[in-house]
>>> print(open('work-v4.cif').read())   # mmCIF, C-alpha atoms
data_input
#
loop_
_atom_site.label_atom_id
_atom_site.label_comp_id
_atom_site.auth_asym_id
_atom_site.auth_seq_id
_atom_site.Cartn_x
_atom_site.Cartn_y
_atom_site.Cartn_z
CA MET A 1039 16.03 5.64 25.54
CA ASN A 1040 16.78 8.98 27.17
CA LYS A 1041 18.62 8.93 30.42
CA ILE A 1042 16.60 10.69 33.08
CA SER A 1043 18.93 11.11 36.01
CA SER A 1044 22.35 11.01 37.53
CA LYS A 1045 20.99 10.38 41.01
CA ARG A 1046 22.87 7.95 43.25
CA ILE A 1047 21.01 4.86 44.39
CA LEU A 1048 22.15 2.32 46.96
CA LEU A 1049 20.63 -1.13 46.38
CA VAL A 1050 20.80 -3.67 49.19
CA ASP A 1051 19.78 -7.18 48.11
CA ASP A 1052 21.42 -10.56 48.61
CA GLU A 1053 20.03 -12.11 45.40
CA GLU A 1054 22.44 -11.84 42.49
CA SER A 1055 19.63 -12.00 39.91
CA ILE A 1056 17.93 -8.96 41.48
CA VAL A 1057 21.21 -7.04 41.58
CA LEU A 1058 21.79 -7.80 37.89
CA LEU A 1059 18.23 -6.72 37.03
CA PHE A 1060 18.66 -3.43 38.87
CA GLN A 1061 22.06 -2.89 37.30
CA THR A 1062 20.40 -3.08 33.88
CA ILE A 1063 17.57 -0.75 34.92
CA PHE A 1064 19.97 1.77 36.43
CA ASP A 1065 22.20 1.70 33.34
CA ILE A 1066 19.23 2.36 31.05
CA TYR A 1067 17.96 5.29 33.10
CA GLY A 1068 21.31 6.80 33.99
CA TYR A 1069 21.32 6.21 37.73
CA LYS A 1070 24.65 5.90 39.52
CA ALA A 1071 24.36 2.61 41.35
CA HIS A 1072 26.06 1.27 44.43
CA PHE A 1073 25.31 -2.32 45.41
CA LEU A 1074 25.50 -4.19 48.69
CA MET A 1075 24.72 -7.89 48.83
CA SER A 1076 24.66 -7.88 52.63
CA SER A 1077 22.76 -5.87 55.21
CA GLU A 1078 25.76 -5.61 57.53
CA ASN A 1079 27.26 -2.24 56.49
CA VAL A 1080 24.30 -0.34 55.08
CA VAL A 1081 24.47 2.66 57.39
CA SER A 1082 28.22 3.21 56.99
CA THR A 1083 27.94 2.74 53.23
CA ALA A 1084 25.04 5.19 53.04
CA ILE A 1085 27.06 7.76 54.98
CA ALA A 1086 30.02 7.31 52.59
CA VAL A 1087 28.01 7.18 49.33
CA LYS A 1088 25.37 9.79 50.23
CA PRO A 1089 22.71 8.18 48.03
CA ASP A 1090 19.64 10.04 46.85
CA LEU A 1091 17.61 6.87 47.49
CA ILE A 1092 18.03 3.43 49.06
CA ILE A 1093 16.32 0.28 47.76
CA LEU A 1094 16.27 -2.26 50.55
CA ASP A 1095 15.28 -5.93 50.38
CA VAL A 1096 13.30 -7.19 53.35
CA ALA A 1097 14.52 -10.80 53.55
CA MET A 1098 18.27 -10.95 54.07
CA PRO A 1099 20.33 -13.39 56.13
CA GLU A 1100 22.18 -11.11 58.56
CA LYS A 1101 19.64 -8.42 59.45
CA ASP A 1102 16.27 -8.11 57.82
CA GLY A 1103 15.32 -4.99 55.91
CA TYR A 1104 13.00 -3.79 58.66
CA GLU A 1105 15.86 -3.68 61.15
CA VAL A 1106 18.14 -1.93 58.64
CA CYS A 1107 15.42 0.59 57.81
CA LYS A 1108 15.07 1.43 61.51
CA GLU A 1109 18.85 1.86 61.82
CA LEU A 1110 18.88 4.21 58.83
CA ARG A 1111 16.05 6.29 60.30
CA GLU A 1112 17.85 6.53 63.65
CA ASN A 1113 21.07 7.84 62.07
CA GLU A 1114 21.27 11.63 61.70
CA PHE A 1115 23.07 11.37 58.33
CA CYS A 1116 20.64 8.84 56.84
CA ARG A 1117 17.25 9.62 58.33
CA ASP A 1118 16.04 11.74 55.40
CA ILE A 1119 17.14 9.45 52.57
CA PRO A 1120 14.05 8.00 50.83
CA ILE A 1121 13.78 4.22 51.17
CA ILE A 1122 11.95 1.79 48.89
CA MET A 1123 11.56 -1.63 50.46
CA ILE A 1124 11.18 -4.62 48.14
CA THR A 1125 10.09 -8.13 49.04
CA ALA A 1126 8.61 -11.37 47.81
CA LEU A 1127 6.46 -11.39 50.95
CA SER A 1128 2.99 -10.44 49.83
CA LEU A 1129 0.97 -9.82 52.94
CA ASN A 1130 -0.44 -6.39 53.73
CA GLN A 1131 1.04 -6.71 57.24
CA ASP A 1132 4.52 -6.86 55.64
CA LYS A 1133 3.81 -3.62 53.81
CA LYS A 1134 2.42 -2.03 56.98
CA ARG A 1135 5.51 -3.07 58.93
CA GLY A 1136 7.73 -1.52 56.24
CA PHE A 1137 5.99 1.83 56.55
CA GLU A 1138 6.12 1.61 60.35
CA CYS A 1139 9.92 1.19 60.10
CA GLY A 1140 10.19 4.34 58.01
CA ALA A 1141 10.02 3.20 54.39
CA ASN A 1142 8.69 5.70 51.86
CA ALA A 1143 7.47 3.04 49.43
CA PHE A 1144 6.98 -0.72 49.43
CA ILE A 1145 7.07 -2.81 46.25
CA PHE A 1146 6.36 -6.51 45.96
CA LYS A 1147 8.52 -8.86 43.85
CA PRO A 1148 8.23 -9.62 41.05
CA PHE A 1149 7.89 -5.97 40.17
CA ASP A 1150 7.37 -4.01 36.99
CA ALA A 1151 10.51 -2.04 36.05
CA LEU A 1152 8.44 0.99 35.00
CA LEU A 1153 6.66 1.00 38.37
CA MET A 1154 10.06 0.96 40.07
CA ILE A 1155 11.36 3.84 37.93
CA ASN A 1156 8.23 5.86 38.65
CA GLU A 1157 8.69 5.35 42.40
CA ILE A 1158 12.37 6.31 42.17
CA LYS A 1159 11.48 9.45 40.23
CA ARG A 1160 8.68 10.34 42.64
CA LEU A 1161 10.95 10.05 45.66
CA THR A 1162 14.04 11.75 44.20
CA GLU A 1163 12.82 14.48 41.86
CA HIS A 1164 11.42 16.74 44.55
CA GLU A 1165 14.28 16.33 46.97
CA SER A 1166 15.93 19.54 48.08
CA ARG A 1167 19.05 17.83 49.44
#
>>> encode(input="work-v4.cif", output="structure tokens")
Amino acid sequence: MNKISSKRILLVDDEESIVLLFQTIFDIYGYKAHFLMSSENVVSTAIAVKPDLIILDVAMPEKDGYEVCKELRENEFCRDIPIIMITALSLNQDKKRGFECGANAFIFKPFDALLMINEIKRLTEHESR
């Protein structure tokens, strides 16, 4: 399979199985991945890594993804980074809340890997950063 990108992606998810799945997807498509299994240092990590995109789980033990998304949008160095929120929560109000916090896309688990790649491409290919 052809590698499509060398974009940097920061994944924030506390489930090891999801991290391993994304690691495989990112390896196949040539993305440079950075992983956090805690929501505690997302903003400082994003400032250091300068990702082209952040994938953020909603349900995490320390701070939920909505709170982290708001913090990213309030930070001058992070506010323009595209964010995809992922969750096992399946209510439309969860999706609405994600967009209200500043997410660019919202994907429900379990997700299709091709759908995820298409969203990543959509949000990173036309970036002028």
>>> closest_residue(input="work-v4.cif", among="A:Leu1161, A:Met1154, A:Leu1129, A:Val1050", to="Leu1094 (chain A)", atoms="all atoms listed in the file")
A:Val1050
>>> residues_around(input="work-v4.cif", residues="region 1063-1075 of chain A", least_positions_apart="6", cutoff="12 Å", atoms="only C-alpha atoms", output="MDAnalysis selection string")
chainID A and resid 1039:1057 1081:1084 1086:1095 1097:1101 1150:1156 1158:1159 1162
>>> write_last_selection(input="work-v4.cif", atoms="C-alpha atoms", output="mmCIF file, in the frame of the given file")
data_model
loop_
_atom_site.group_PDB
_atom_site.id
_atom_site.type_symbol
_atom_site.label_atom_id
_atom_site.label_comp_id
_atom_site.auth_asym_id
_atom_site.auth_seq_id
_atom_site.Cartn_x
_atom_site.Cartn_y
_atom_site.Cartn_z
ATOM 1 C CA MET A 1039 16.030 5.640 25.540
ATOM 2 C CA ASN A 1040 16.780 8.980 27.170
ATOM 3 C CA LYS A 1041 18.620 8.930 30.420
ATOM 4 C CA ILE A 1042 16.600 10.690 33.080
ATOM 5 C CA SER A 1043 18.930 11.110 36.010
ATOM 6 C CA SER A 1044 22.350 11.010 37.530
ATOM 7 C CA LYS A 1045 20.990 10.380 41.010
ATOM 8 C CA ARG A 1046 22.870 7.950 43.250
ATOM 9 C CA ILE A 1047 21.010 4.860 44.390
ATOM 10 C CA LEU A 1048 22.150 2.320 46.960
ATOM 11 C CA LEU A 1049 20.630 -1.130 46.380
ATOM 12 C CA VAL A 1050 20.800 -3.670 49.190
ATOM 13 C CA ASP A 1051 19.780 -7.180 48.110
ATOM 14 C CA ASP A 1052 21.420 -10.560 48.610
ATOM 15 C CA GLU A 1053 20.030 -12.110 45.400
ATOM 16 C CA GLU A 1054 22.440 -11.840 42.490
ATOM 17 C CA SER A 1055 19.630 -12.000 39.910
ATOM 18 C CA ILE A 1056 17.930 -8.960 41.480
ATOM 19 C CA VAL A 1057 21.210 -7.040 41.580
ATOM 20 C CA VAL A 1081 24.470 2.660 57.390
ATOM 21 C CA SER A 1082 28.220 3.210 56.990
ATOM 22 C CA THR A 1083 27.940 2.740 53.230
ATOM 23 C CA ALA A 1084 25.040 5.190 53.040
ATOM 24 C CA ALA A 1086 30.020 7.310 52.590
ATOM 25 C CA VAL A 1087 28.010 7.180 49.330
ATOM 26 C CA LYS A 1088 25.370 9.790 50.230
ATOM 27 C CA PRO A 1089 22.710 8.180 48.030
ATOM 28 C CA ASP A 1090 19.640 10.040 46.850
ATOM 29 C CA LEU A 1091 17.610 6.870 47.490
ATOM 30 C CA ILE A 1092 18.030 3.430 49.060
ATOM 31 C CA ILE A 1093 16.320 0.280 47.760
ATOM 32 C CA LEU A 1094 16.270 -2.260 50.550
ATOM 33 C CA ASP A 1095 15.280 -5.930 50.380
ATOM 34 C CA ALA A 1097 14.520 -10.800 53.550
ATOM 35 C CA MET A 1098 18.270 -10.950 54.070
ATOM 36 C CA PRO A 1099 20.330 -13.390 56.130
ATOM 37 C CA GLU A 1100 22.180 -11.110 58.560
ATOM 38 C CA LYS A 1101 19.640 -8.420 59.450
ATOM 39 C CA ASP A 1150 7.370 -4.010 36.990
ATOM 40 C CA ALA A 1151 10.510 -2.040 36.050
ATOM 41 C CA LEU A 1152 8.440 0.990 35.000
ATOM 42 C CA LEU A 1153 6.660 1.000 38.370
ATOM 43 C CA MET A 1154 10.060 0.960 40.070
ATOM 44 C CA ILE A 1155 11.360 3.840 37.930
ATOM 45 C CA ASN A 1156 8.230 5.860 38.650
ATOM 46 C CA ILE A 1158 12.370 6.310 42.170
ATOM 47 C CA LYS A 1159 11.480 9.450 40.230
ATOM 48 C CA THR A 1162 14.040 11.750 44.200
#
>>> closest_residue(input="work-v4.cif", among="A:Asn1113, A:Cys1107, A:Cys1139, A:Pro1120", to="Glu1163 (chain A)", atoms="only C-alpha atoms")
A:Pro1120
>>> atom_distance(input="work-v4.cif", atom1="CA of Lys1108 (chain A)", atom2="CA of Thr1062 (chain A)")
28.5 Å
>>> atom_distance(input="work-v4.cif", atom1="CA of Asn1130 (chain A)", atom2="CA of Asn1079 (chain A)")
28.1 Å
>>> residues_around(input="work-v4.cif", residues="Glu1109 (chain A)", least_positions_apart="5", cutoff="9 Å", atoms="all atoms listed in the file", output="list in words")
Val1080, Val1081, Tyr1104, Cys1116 and Arg1117 of chain A
>>> closest_residue(input="work-v4.cif", among="A:Leu1127, A:Ile1121, A:Val1106, A:Leu1059", to="Asn1142 (chain A)", atoms="only C-alpha atoms")
A:Ile1121
>>> closest_residue(input="work-v4.cif", among="A:Gly1136, A:Phe1060, A:Ile1085, A:Ile1119", to="Gly1103 (chain A)", atoms="only C-alpha atoms")
A:Gly1136
>>> atom_distance(input="work-v4.cif", atom1="CA of Ile1124 (chain A)", atom2="CA of Ile1145 (chain A)")
4.9 Å
